[in-house]
>>> print(open('work_20.txt').read())   # compact mmCIF, N, CA and C atoms
# COMPACT_ATOMS: atom_id res chain seq x y z
N MET A 1 153.51 151.65 133.11
CA MET A 1 152.74 150.67 132.37
C MET A 1 153.05 149.27 132.90
N LEU A 2 152.04 148.46 133.04
CA LEU A 2 152.16 147.11 133.56
C LEU A 2 152.63 146.17 132.45
N TYR A 3 153.66 145.37 132.74
CA TYR A 3 154.18 144.45 131.74
C TYR A 3 153.39 143.15 131.81
N VAL A 4 152.92 142.67 130.67
CA VAL A 4 152.14 141.45 130.59
C VAL A 4 153.01 140.36 129.98
N LEU A 5 153.09 139.22 130.67
CA LEU A 5 153.88 138.10 130.15
C LEU A 5 153.23 137.53 128.90
N PRO A 6 154.05 137.10 127.95
CA PRO A 6 153.46 136.52 126.73
C PRO A 6 152.79 135.18 127.04
N LEU A 7 151.77 134.89 126.28
CA LEU A 7 151.02 133.65 126.46
C LEU A 7 151.57 132.61 125.49
N ASN A 8 152.31 131.66 126.01
CA ASN A 8 152.87 130.60 125.17
C ASN A 8 151.78 129.58 124.85
N ILE A 9 151.91 128.94 123.69
CA ILE A 9 150.93 127.94 123.27
C ILE A 9 150.95 126.72 124.20
N GLU A 10 152.07 126.47 124.87
CA GLU A 10 152.16 125.33 125.77
C GLU A 10 151.23 125.47 126.97
N ARG A 11 150.89 126.70 127.33
CA ARG A 11 149.99 126.92 128.46
C ARG A 11 148.56 126.52 128.14
N LEU A 12 148.23 126.38 126.88
CA LEU A 12 146.86 126.04 126.48
C LEU A 12 146.66 124.55 126.25
N TYR A 13 147.73 123.75 126.33
CA TYR A 13 147.59 122.31 126.10
C TYR A 13 146.74 121.65 127.16
N LEU A 14 147.03 121.89 128.43
CA LEU A 14 146.29 121.23 129.51
C LEU A 14 144.80 121.59 129.51
N PRO A 15 144.41 122.88 129.37
CA PRO A 15 142.97 123.16 129.31
C PRO A 15 142.28 122.49 128.12
N THR A 16 142.96 122.40 127.00
CA THR A 16 142.36 121.75 125.83
C THR A 16 142.19 120.26 126.06
N VAL A 17 143.18 119.62 126.66
CA VAL A 17 143.07 118.19 126.96
C VAL A 17 141.97 117.94 127.98
N LEU A 18 141.88 118.78 129.01
CA LEU A 18 140.83 118.61 130.02
C LEU A 18 139.44 118.83 129.44
N ARG A 19 139.29 119.80 128.55
CA ARG A 19 137.99 120.03 127.92
C ARG A 19 137.59 118.84 127.05
N THR A 20 138.53 118.31 126.29
CA THR A 20 138.23 117.15 125.44
C THR A 20 137.90 115.93 126.29
N PHE A 21 138.61 115.75 127.39
CA PHE A 21 138.31 114.64 128.29
C PHE A 21 136.92 114.81 128.90
N GLY A 22 136.55 116.05 129.23
CA GLY A 22 135.21 116.32 129.76
C GLY A 22 134.13 116.01 128.73
N TYR A 23 134.37 116.37 127.47
CA TYR A 23 133.41 116.03 126.41
C TYR A 23 133.25 114.52 126.29
N ALA A 24 134.35 113.79 126.34
CA ALA A 24 134.27 112.33 126.22
C ALA A 24 133.48 111.73 127.38
N ILE A 25 133.73 112.18 128.59
CA ILE A 25 133.00 111.69 129.76
C ILE A 25 131.51 112.05 129.64
N PHE A 26 131.22 113.27 129.20
CA PHE A 26 129.83 113.71 129.06
C PHE A 26 129.07 112.84 128.06
N PHE A 27 129.65 112.64 126.89
CA PHE A 27 128.93 111.87 125.87
C PHE A 27 128.84 110.39 126.22
N ALA A 28 129.85 109.85 126.89
CA ALA A 28 129.75 108.45 127.33
C ALA A 28 128.66 108.29 128.39
N THR A 29 128.59 109.22 129.33
CA THR A 29 127.56 109.17 130.36
C THR A 29 126.18 109.35 129.77
N MET A 30 126.06 110.29 128.84
CA MET A 30 124.76 110.52 128.20
C MET A 30 124.31 109.28 127.42
N THR A 31 125.23 108.62 126.76
CA THR A 31 124.88 107.42 126.01
C THR A 31 124.44 106.30 126.94
N LEU A 32 125.14 106.13 128.07
CA LEU A 32 124.76 105.08 129.01
C LEU A 32 123.40 105.35 129.64
N TYR A 33 123.10 106.60 129.98
CA TYR A 33 121.80 106.91 130.57
C TYR A 33 120.68 106.78 129.54
N LEU A 34 120.93 107.19 128.32
CA LEU A 34 119.89 107.04 127.28
C LEU A 34 119.63 105.57 126.98
N LYS A 35 120.65 104.75 127.09
CA LYS A 35 120.48 103.31 126.85
C LYS A 35 119.48 102.71 127.82
N ASP A 36 119.49 103.19 129.07
CA ASP A 36 118.56 102.67 130.07
C ASP A 36 117.18 103.29 129.97
N LEU A 37 117.07 104.49 129.45
CA LEU A 37 115.79 105.18 129.43
C LEU A 37 114.96 104.90 128.18
N ILE A 38 115.61 104.68 127.04
CA ILE A 38 114.90 104.63 125.76
C ILE A 38 115.16 103.28 125.10
N GLU A 39 114.11 102.73 124.48
CA GLU A 39 114.29 101.44 123.79
C GLU A 39 115.10 101.63 122.50
N PHE A 40 115.61 100.54 121.99
CA PHE A 40 116.60 100.59 120.90
C PHE A 40 116.10 101.23 119.61
N PRO A 41 114.89 101.01 119.13
CA PRO A 41 114.52 101.58 117.82
C PRO A 41 114.63 103.10 117.74
N VAL A 42 114.44 103.80 118.86
CA VAL A 42 114.53 105.26 118.83
C VAL A 42 115.74 105.79 119.60
N PHE A 43 116.65 104.89 119.95
CA PHE A 43 117.82 105.29 120.73
C PHE A 43 118.68 106.30 119.98
N PHE A 44 118.96 106.03 118.71
CA PHE A 44 119.84 106.92 117.95
C PHE A 44 119.17 108.26 117.65
N HIS A 45 117.84 108.26 117.54
CA HIS A 45 117.12 109.52 117.37
C HIS A 45 117.27 110.39 118.63
N ALA A 46 117.12 109.76 119.79
CA ALA A 46 117.26 110.51 121.05
C ALA A 46 118.69 110.97 121.25
N LEU A 47 119.66 110.15 120.88
CA LEU A 47 121.06 110.53 121.00
C LEU A 47 121.39 111.71 120.09
N THR A 48 120.84 111.68 118.89
CA THR A 48 121.06 112.78 117.96
C THR A 48 120.38 114.06 118.45
N ALA A 49 119.16 113.94 118.96
CA ALA A 49 118.45 115.12 119.46
C ALA A 49 119.18 115.73 120.65
N SER A 50 119.67 114.90 121.57
CA SER A 50 120.40 115.45 122.72
C SER A 50 121.72 116.06 122.29
N GLY A 51 122.35 115.50 121.27
CA GLY A 51 123.57 116.10 120.73
C GLY A 51 123.30 117.45 120.08
N PHE A 52 122.17 117.55 119.37
CA PHE A 52 121.80 118.84 118.77
C PHE A 52 121.54 119.89 119.85
N ILE A 53 120.87 119.49 120.90
CA ILE A 53 120.60 120.44 121.99
C ILE A 53 121.89 120.88 122.63
N ARG A 54 122.78 119.94 122.89
CA ARG A 54 124.04 120.28 123.53
C ARG A 54 124.92 121.12 122.62
N ASN A 55 125.04 120.74 121.36
CA ASN A 55 125.94 121.45 120.45
C ASN A 55 125.31 122.68 119.82
N GLY A 56 124.00 122.72 119.74
CA GLY A 56 123.34 123.86 119.12
C GLY A 56 122.94 124.92 120.11
N VAL A 57 122.02 124.58 120.97
CA VAL A 57 121.45 125.56 121.89
C VAL A 57 122.47 125.95 122.97
N ALA A 58 123.04 124.95 123.63
CA ALA A 58 123.96 125.26 124.73
C ALA A 58 125.21 125.97 124.22
N GLU A 59 125.73 125.57 123.08
CA GLU A 59 126.93 126.21 122.53
C GLU A 59 126.64 127.66 122.15
N SER A 60 125.47 127.92 121.59
CA SER A 60 125.10 129.30 121.22
C SER A 60 124.96 130.19 122.45
N LEU A 61 124.29 129.68 123.48
CA LEU A 61 124.14 130.46 124.70
C LEU A 61 125.48 130.74 125.37
N CYS A 62 126.31 129.72 125.47
CA CYS A 62 127.61 129.90 126.13
C CYS A 62 128.52 130.83 125.35
N SER A 63 128.54 130.73 124.04
CA SER A 63 129.40 131.62 123.27
C SER A 63 128.88 133.06 123.33
N GLY A 64 127.56 133.24 123.41
CA GLY A 64 127.00 134.58 123.58
C GLY A 64 127.39 135.20 124.92
N TYR A 65 127.26 134.41 126.00
CA TYR A 65 127.67 134.89 127.31
C TYR A 65 129.16 135.21 127.36
N TYR A 66 129.97 134.34 126.73
CA TYR A 66 131.41 134.55 126.74
C TYR A 66 131.79 135.81 125.97
N SER A 67 131.19 136.03 124.80
CA SER A 67 131.54 137.23 124.02
C SER A 67 131.07 138.50 124.74
N HIS A 68 129.91 138.44 125.40
CA HIS A 68 129.46 139.60 126.17
C HIS A 68 130.41 139.88 127.34
N GLY A 69 130.82 138.83 128.04
CA GLY A 69 131.76 139.01 129.15
C GLY A 69 133.11 139.53 128.68
N LEU A 70 133.57 139.05 127.52
CA LEU A 70 134.85 139.51 126.99
C LEU A 70 134.77 140.98 126.61
N ARG A 71 133.68 141.40 125.98
CA ARG A 71 133.51 142.82 125.64
C ARG A 71 133.47 143.68 126.91
N THR A 72 132.80 143.19 127.94
CA THR A 72 132.73 143.92 129.20
C THR A 72 134.10 144.05 129.84
N GLN A 73 134.88 142.95 129.83
CA GLN A 73 136.23 142.99 130.40
C GLN A 73 137.14 143.92 129.61
N ILE A 74 137.04 143.91 128.29
CA ILE A 74 137.86 144.81 127.46
C ILE A 74 137.50 146.26 127.76
N ALA A 75 136.21 146.57 127.85
CA ALA A 75 135.79 147.94 128.15
C ALA A 75 136.25 148.36 129.53
N ASP A 76 136.19 147.46 130.50
CA ASP A 76 136.63 147.77 131.85
C ASP A 76 138.13 148.04 131.89
N THR A 77 138.90 147.21 131.18
CA THR A 77 140.35 147.40 131.15
C THR A 77 140.72 148.70 130.43
N LEU A 78 140.02 149.02 129.36
CA LEU A 78 140.29 150.28 128.66
C LEU A 78 139.92 151.49 129.51
N ASN A 79 138.83 151.39 130.28
CA ASN A 79 138.42 152.49 131.15
C ASN A 79 139.41 152.74 132.28
N ARG A 80 140.04 151.67 132.76
CA ARG A 80 141.03 151.84 133.81
C ARG A 80 142.28 152.54 133.30
N GLY A 81 142.54 152.44 132.00
CA GLY A 81 143.67 153.14 131.40
C GLY A 81 145.03 152.57 131.76
N ILE A 82 145.08 151.30 132.09
CA ILE A 82 146.35 150.69 132.48
C ILE A 82 147.22 150.42 131.26
N HIS A 83 146.62 149.94 130.19
CA HIS A 83 147.38 149.52 129.01
C HIS A 83 147.12 150.49 127.85
N SER A 84 148.10 150.58 126.99
CA SER A 84 147.96 151.51 125.86
C SER A 84 147.65 150.80 124.55
N ASP A 85 148.13 149.59 124.37
CA ASP A 85 147.86 148.90 123.11
C ASP A 85 146.75 147.86 123.29
N PHE A 86 146.05 147.59 122.21
CA PHE A 86 144.86 146.73 122.28
C PHE A 86 145.24 145.28 122.53
N GLN A 87 146.41 144.85 122.08
CA GLN A 87 146.80 143.46 122.28
C GLN A 87 146.95 143.14 123.77
N SER A 88 147.56 144.02 124.53
CA SER A 88 147.70 143.76 125.97
C SER A 88 146.35 143.87 126.68
N VAL A 89 145.48 144.77 126.19
CA VAL A 89 144.14 144.87 126.77
C VAL A 89 143.37 143.57 126.53
N LEU A 90 143.46 143.05 125.33
CA LEU A 90 142.77 141.79 125.01
C LEU A 90 143.35 140.63 125.81
N LEU A 91 144.66 140.61 126.00
CA LEU A 91 145.29 139.54 126.76
C LEU A 91 144.85 139.57 128.22
N VAL A 92 144.79 140.75 128.80
CA VAL A 92 144.32 140.87 130.18
C VAL A 92 142.86 140.43 130.29
N ALA A 93 142.04 140.82 129.33
CA ALA A 93 140.62 140.43 129.36
C ALA A 93 140.46 138.92 129.24
N VAL A 94 141.23 138.30 128.36
CA VAL A 94 141.14 136.84 128.20
C VAL A 94 141.59 136.14 129.48
N LYS A 95 142.65 136.63 130.10
CA LYS A 95 143.12 136.02 131.35
C LYS A 95 142.09 136.16 132.46
N GLU A 96 141.44 137.32 132.55
CA GLU A 96 140.42 137.50 133.57
C GLU A 96 139.21 136.60 133.31
N MET A 97 138.81 136.48 132.06
CA MET A 97 137.70 135.59 131.72
C MET A 97 138.05 134.14 132.00
N TYR A 98 139.27 133.74 131.67
CA TYR A 98 139.70 132.36 131.91
C TYR A 98 139.68 132.04 133.40
N GLY A 99 140.17 132.96 134.22
CA GLY A 99 140.16 132.72 135.67
C GLY A 99 138.76 132.62 136.23
N SER A 100 137.87 133.52 135.80
CA SER A 100 136.51 133.47 136.32
C SER A 100 135.78 132.22 135.83
N LEU A 101 136.03 131.80 134.58
CA LEU A 101 135.39 130.59 134.07
C LEU A 101 135.91 129.34 134.77
N CYS A 102 137.19 129.33 135.15
CA CYS A 102 137.72 128.21 135.92
C CYS A 102 137.05 128.11 137.28
N LEU A 103 136.85 129.26 137.92
CA LEU A 103 136.16 129.26 139.22
C LEU A 103 134.71 128.81 139.10
N ILE A 104 134.02 129.29 138.08
CA ILE A 104 132.62 128.89 137.87
C ILE A 104 132.54 127.40 137.55
N GLY A 105 133.45 126.91 136.70
CA GLY A 105 133.45 125.49 136.36
C GLY A 105 133.73 124.60 137.56
N THR A 106 134.66 125.02 138.43
CA THR A 106 134.95 124.26 139.63
C THR A 106 133.75 124.24 140.56
N PHE A 107 133.07 125.38 140.71
CA PHE A 107 131.88 125.44 141.55
C PHE A 107 130.78 124.53 141.01
N VAL A 108 130.54 124.56 139.71
CA VAL A 108 129.50 123.72 139.12
C VAL A 108 129.85 122.24 139.27
N LEU A 109 131.12 121.89 139.08
CA LEU A 109 131.55 120.50 139.25
C LEU A 109 131.33 120.03 140.69
N LEU A 110 131.70 120.85 141.66
CA LEU A 110 131.47 120.49 143.05
C LEU A 110 129.99 120.38 143.37
N LEU A 111 129.19 121.25 142.81
CA LEU A 111 127.75 121.19 143.02
C LEU A 111 127.17 119.90 142.45
N MET A 112 127.64 119.49 141.27
CA MET A 112 127.16 118.25 140.67
C MET A 112 127.62 117.03 141.46
N LEU A 113 128.81 117.08 142.01
CA LEU A 113 129.30 115.96 142.80
C LEU A 113 128.58 115.84 144.13
N LEU A 114 128.18 116.96 144.71
CA LEU A 114 127.51 116.94 146.00
C LEU A 114 126.01 116.68 145.90
N TYR A 115 125.41 116.99 144.77
CA TYR A 115 123.97 116.87 144.60
C TYR A 115 123.63 115.44 144.22
N ASP A 116 122.82 114.79 145.04
CA ASP A 116 122.43 113.40 144.79
C ASP A 116 121.04 113.38 144.19
N VAL A 117 120.94 112.92 142.96
CA VAL A 117 119.64 112.84 142.28
C VAL A 117 119.13 111.42 142.47
N GLN A 118 118.30 111.23 143.47
CA GLN A 118 117.87 109.89 143.83
C GLN A 118 117.03 109.20 142.75
N PRO A 119 116.07 109.85 142.08
CA PRO A 119 115.32 109.12 141.05
C PRO A 119 116.22 108.64 139.91
N VAL A 120 117.22 109.41 139.57
CA VAL A 120 118.12 108.98 138.50
C VAL A 120 118.98 107.82 138.97
N ARG A 121 119.51 107.91 140.17
CA ARG A 121 120.39 106.86 140.66
C ARG A 121 119.66 105.55 140.92
N SER A 122 118.38 105.61 141.28
CA SER A 122 117.67 104.37 141.59
C SER A 122 117.15 103.67 140.33
N THR A 123 116.89 104.41 139.24
CA THR A 123 116.35 103.78 138.04
C THR A 123 117.43 103.38 137.04
N MET A 124 118.61 103.93 137.13
CA MET A 124 119.67 103.62 136.17
C MET A 124 120.49 102.43 136.65
N SER A 125 121.08 101.75 135.68
CA SER A 125 121.96 100.64 136.04
C SER A 125 123.27 101.21 136.58
N LYS A 126 123.88 100.49 137.47
CA LYS A 126 125.12 100.93 138.09
C LYS A 126 126.29 100.73 137.12
N MET A 127 127.25 101.62 137.20
CA MET A 127 128.45 101.47 136.38
C MET A 127 129.28 100.31 136.92
N PRO A 128 129.75 99.42 136.05
CA PRO A 128 130.58 98.32 136.54
C PRO A 128 131.94 98.81 137.00
N LYS A 129 132.56 98.05 137.89
CA LYS A 129 133.89 98.42 138.38
C LYS A 129 134.92 98.21 137.28
N LEU A 130 136.04 98.89 137.43
CA LEU A 130 137.08 98.82 136.40
C LEU A 130 137.64 97.41 136.25
N SER A 131 137.74 96.66 137.33
CA SER A 131 138.25 95.29 137.23
C SER A 131 137.30 94.42 136.41
N LYS A 132 136.01 94.62 136.59
CA LYS A 132 135.02 93.85 135.82
C LYS A 132 135.07 94.26 134.35
N LEU A 133 135.22 95.56 134.08
CA LEU A 133 135.35 96.01 132.69
C LEU A 133 136.59 95.43 132.03
N GLY A 134 137.69 95.39 132.80
CA GLY A 134 138.93 94.80 132.26
C GLY A 134 138.74 93.33 131.91
N LYS A 135 138.02 92.60 132.76
CA LYS A 135 137.76 91.18 132.47
C LYS A 135 136.89 91.02 131.23
N ILE A 136 135.89 91.90 131.06
CA ILE A 136 135.01 91.82 129.89
C ILE A 136 135.80 92.12 128.62
N VAL A 137 136.64 93.13 128.68
CA VAL A 137 137.45 93.48 127.50
C VAL A 137 138.44 92.37 127.19
N LYS A 138 139.06 91.80 128.21
CA LYS A 138 140.03 90.71 128.01
C LYS A 138 139.34 89.48 127.44
N LYS A 139 138.14 89.19 127.91
CA LYS A 139 137.37 88.05 127.41
C LYS A 139 136.96 88.27 125.97
N GLY A 140 136.63 89.52 125.60
CA GLY A 140 136.24 89.82 124.23
C GLY A 140 137.39 89.77 123.25
N MET A 141 138.62 90.01 123.73
CA MET A 141 139.78 90.00 122.85
C MET A 141 140.27 88.59 122.54
N VAL A 142 139.90 87.63 123.39
CA VAL A 142 140.38 86.25 123.19
C VAL A 142 139.57 85.52 122.16
>>> encode(input="work_20.txt", output="structure tokens")
Amino acid sequence: MLYVLPLNIERLYLPTVLRTFGYAIFFATMTLYLKDLIEFPVFFHALTASGFIRNGVAESLCSGYYSHGLRTQIADTLNRGIHSDFQSVLLVAVKEMYGSLCLIGTFVLLLMLLYDVQPVRSTMSKMPKLSKLGKIVKKGMV
């Protein structure tokens, strides 16, 4: 029987922090792009609608795909007959899903970084440099 190392809670801190940081970057970027595309009276309506789409539709689809993949991994691990108890089978399935999702996420991130969307880049305002942002924040605090 294959021995599976226990999963300490400390191993989940970094993925949780990275996911939260990704959410913050996503919503800040979405807010900045909506600011340029939509006039102010309907800005908050558009922000709310895009949040509903992201949190409602996308979350439902992703959780459905994840639960289907987890069931498939559990069935595959049980069919191989490597583990005898369900806890180790579930742990192996979660680790396999985590690894594949990390690979998919890295591929999607690289694809987004390499893909240049010219109509979006030419119509949107440019992000200010960090030094300029620091000066604006310092000026606002005085």
>>> atom_distance(input="work_20.txt", atom1="CA of Phe107 in chain A", atom2="atom C of Asn8 in chain A")
26.3 Å
>>> residues_near_point(input="work_20.txt", point="(144.2, 128.0, 133.5)", cutoff="8 Å", atoms="all atoms listed in the file", output="VMD selection string")
chain A and resid 11 to 12 14 to 15 98 to 99 102
>>> residues_around(input="work_20.txt", residues="Val94 in chain A", least_positions_apart="4", cutoff="8 Å", atoms="only N, CA and C atoms", output="JSON, numbers by chain")
{"A": [70, 73, 74, 88, 89, 90, 98, 99, 100]}
>>> atom_distance(input="work_20.txt", atom1="atom N of Val108 in chain A", atom2="atom N of Gly56 in chain A")
21.1 Å
>>> atom_distance(input="work_20.txt", atom1="CA of Lys135 in chain A", atom2="CA of Lys35 in chain A")
21.8 Å
>>> residues_near_point(input="work_20.txt", point="(125.8, 113.9, 123.5)", cutoff="8 Å", atoms="only C-alpha atoms", output="PyMOL selection string")
chain A and resi 26-28+30-31+47-48+50-52+54
>>> build_atoms(input="work_20.txt", residues="range 64-75 of chain A", atoms="N, CA, C and O atoms", output="PDB file, in the coordinates of the input")
ATOM      1  N   GLY A  64     127.560 133.240 123.410  1.00  0.00           N
ATOM      2  CA  GLY A  64     127.000 134.580 123.580  1.00  0.00           C
ATOM      3  C   GLY A  64     127.390 135.200 124.920  1.00  0.00           C
ATOM      4  O   GLY A  64     127.789 136.365 124.985  1.00  0.00           O
ATOM      5  N   TYR A  65     127.260 134.410 126.000  1.00  0.00           N
ATOM      6  CA  TYR A  65     127.670 134.890 127.310  1.00  0.00           C
ATOM      7  C   TYR A  65     129.160 135.210 127.360  1.00  0.00           C
ATOM      8  O   TYR A  65     129.595 136.187 127.943  1.00  0.00           O
ATOM      9  N   TYR A  66     129.970 134.340 126.730  1.00  0.00           N
ATOM     10  CA  TYR A  66     131.410 134.550 126.740  1.00  0.00           C
ATOM     11  C   TYR A  66     131.790 135.810 125.970  1.00  0.00           C
ATOM     12  O   TYR A  66     132.620 136.596 126.431  1.00  0.00           O
ATOM     13  N   SER A  67     131.190 136.030 124.800  1.00  0.00           N
ATOM     14  CA  SER A  67     131.540 137.230 124.020  1.00  0.00           C
ATOM     15  C   SER A  67     131.070 138.500 124.740  1.00  0.00           C
ATOM     16  O   SER A  67     131.768 139.514 124.717  1.00  0.00           O
ATOM     17  N   HIS A  68     129.910 138.440 125.400  1.00  0.00           N
ATOM     18  CA  HIS A  68     129.460 139.600 126.170  1.00  0.00           C
ATOM     19  C   HIS A  68     130.410 139.880 127.340  1.00  0.00           C
ATOM     20  O   HIS A  68     130.768 141.037 127.596  1.00  0.00           O
ATOM     21  N   GLY A  69     130.820 138.830 128.040  1.00  0.00           N
ATOM     22  CA  GLY A  69     131.760 139.010 129.150  1.00  0.00           C
ATOM     23  C   GLY A  69     133.110 139.530 128.680  1.00  0.00           C
ATOM     24  O   GLY A  69     133.736 140.360 129.348  1.00  0.00           O
ATOM     25  N   LEU A  70     133.570 139.050 127.520  1.00  0.00           N
ATOM     26  CA  LEU A  70     134.850 139.510 126.990  1.00  0.00           C
ATOM     27  C   LEU A  70     134.770 140.980 126.610  1.00  0.00           C
ATOM     28  O   LEU A  70     135.694 141.754 126.901  1.00  0.00           O
ATOM     29  N   ARG A  71     133.680 141.400 125.980  1.00  0.00           N
ATOM     30  CA  ARG A  71     133.510 142.820 125.640  1.00  0.00           C
ATOM     31  C   ARG A  71     133.470 143.680 126.910  1.00  0.00           C
ATOM     32  O   ARG A  71     134.049 144.772 126.949  1.00  0.00           O
ATOM     33  N   THR A  72     132.800 143.190 127.940  1.00  0.00           N
ATOM     34  CA  THR A  72     132.730 143.920 129.200  1.00  0.00           C
ATOM     35  C   THR A  72     134.100 144.050 129.840  1.00  0.00           C
ATOM     36  O   THR A  72     134.478 145.117 130.325  1.00  0.00           O
ATOM     37  N   GLN A  73     134.880 142.950 129.830  1.00  0.00           N
ATOM     38  CA  GLN A  73     136.230 142.990 130.400  1.00  0.00           C
ATOM     39  C   GLN A  73     137.140 143.920 129.610  1.00  0.00           C
ATOM     40  O   GLN A  73     137.950 144.652 130.203  1.00  0.00           O
ATOM     41  N   ILE A  74     137.040 143.910 128.290  1.00  0.00           N
ATOM     42  CA  ILE A  74     137.860 144.810 127.460  1.00  0.00           C
ATOM     43  C   ILE A  74     137.500 146.260 127.760  1.00  0.00           C
ATOM     44  O   ILE A  74     138.388 147.112 127.938  1.00  0.00           O
ATOM     45  N   ALA A  75     136.210 146.570 127.850  1.00  0.00           N
ATOM     46  CA  ALA A  75     135.790 147.940 128.150  1.00  0.00           C
ATOM     47  C   ALA A  75     136.250 148.360 129.530  1.00  0.00           C
ATOM     48  O   ALA A  75     136.701 149.505 129.725  1.00  0.00           O
TER      49      ALA A  75
END
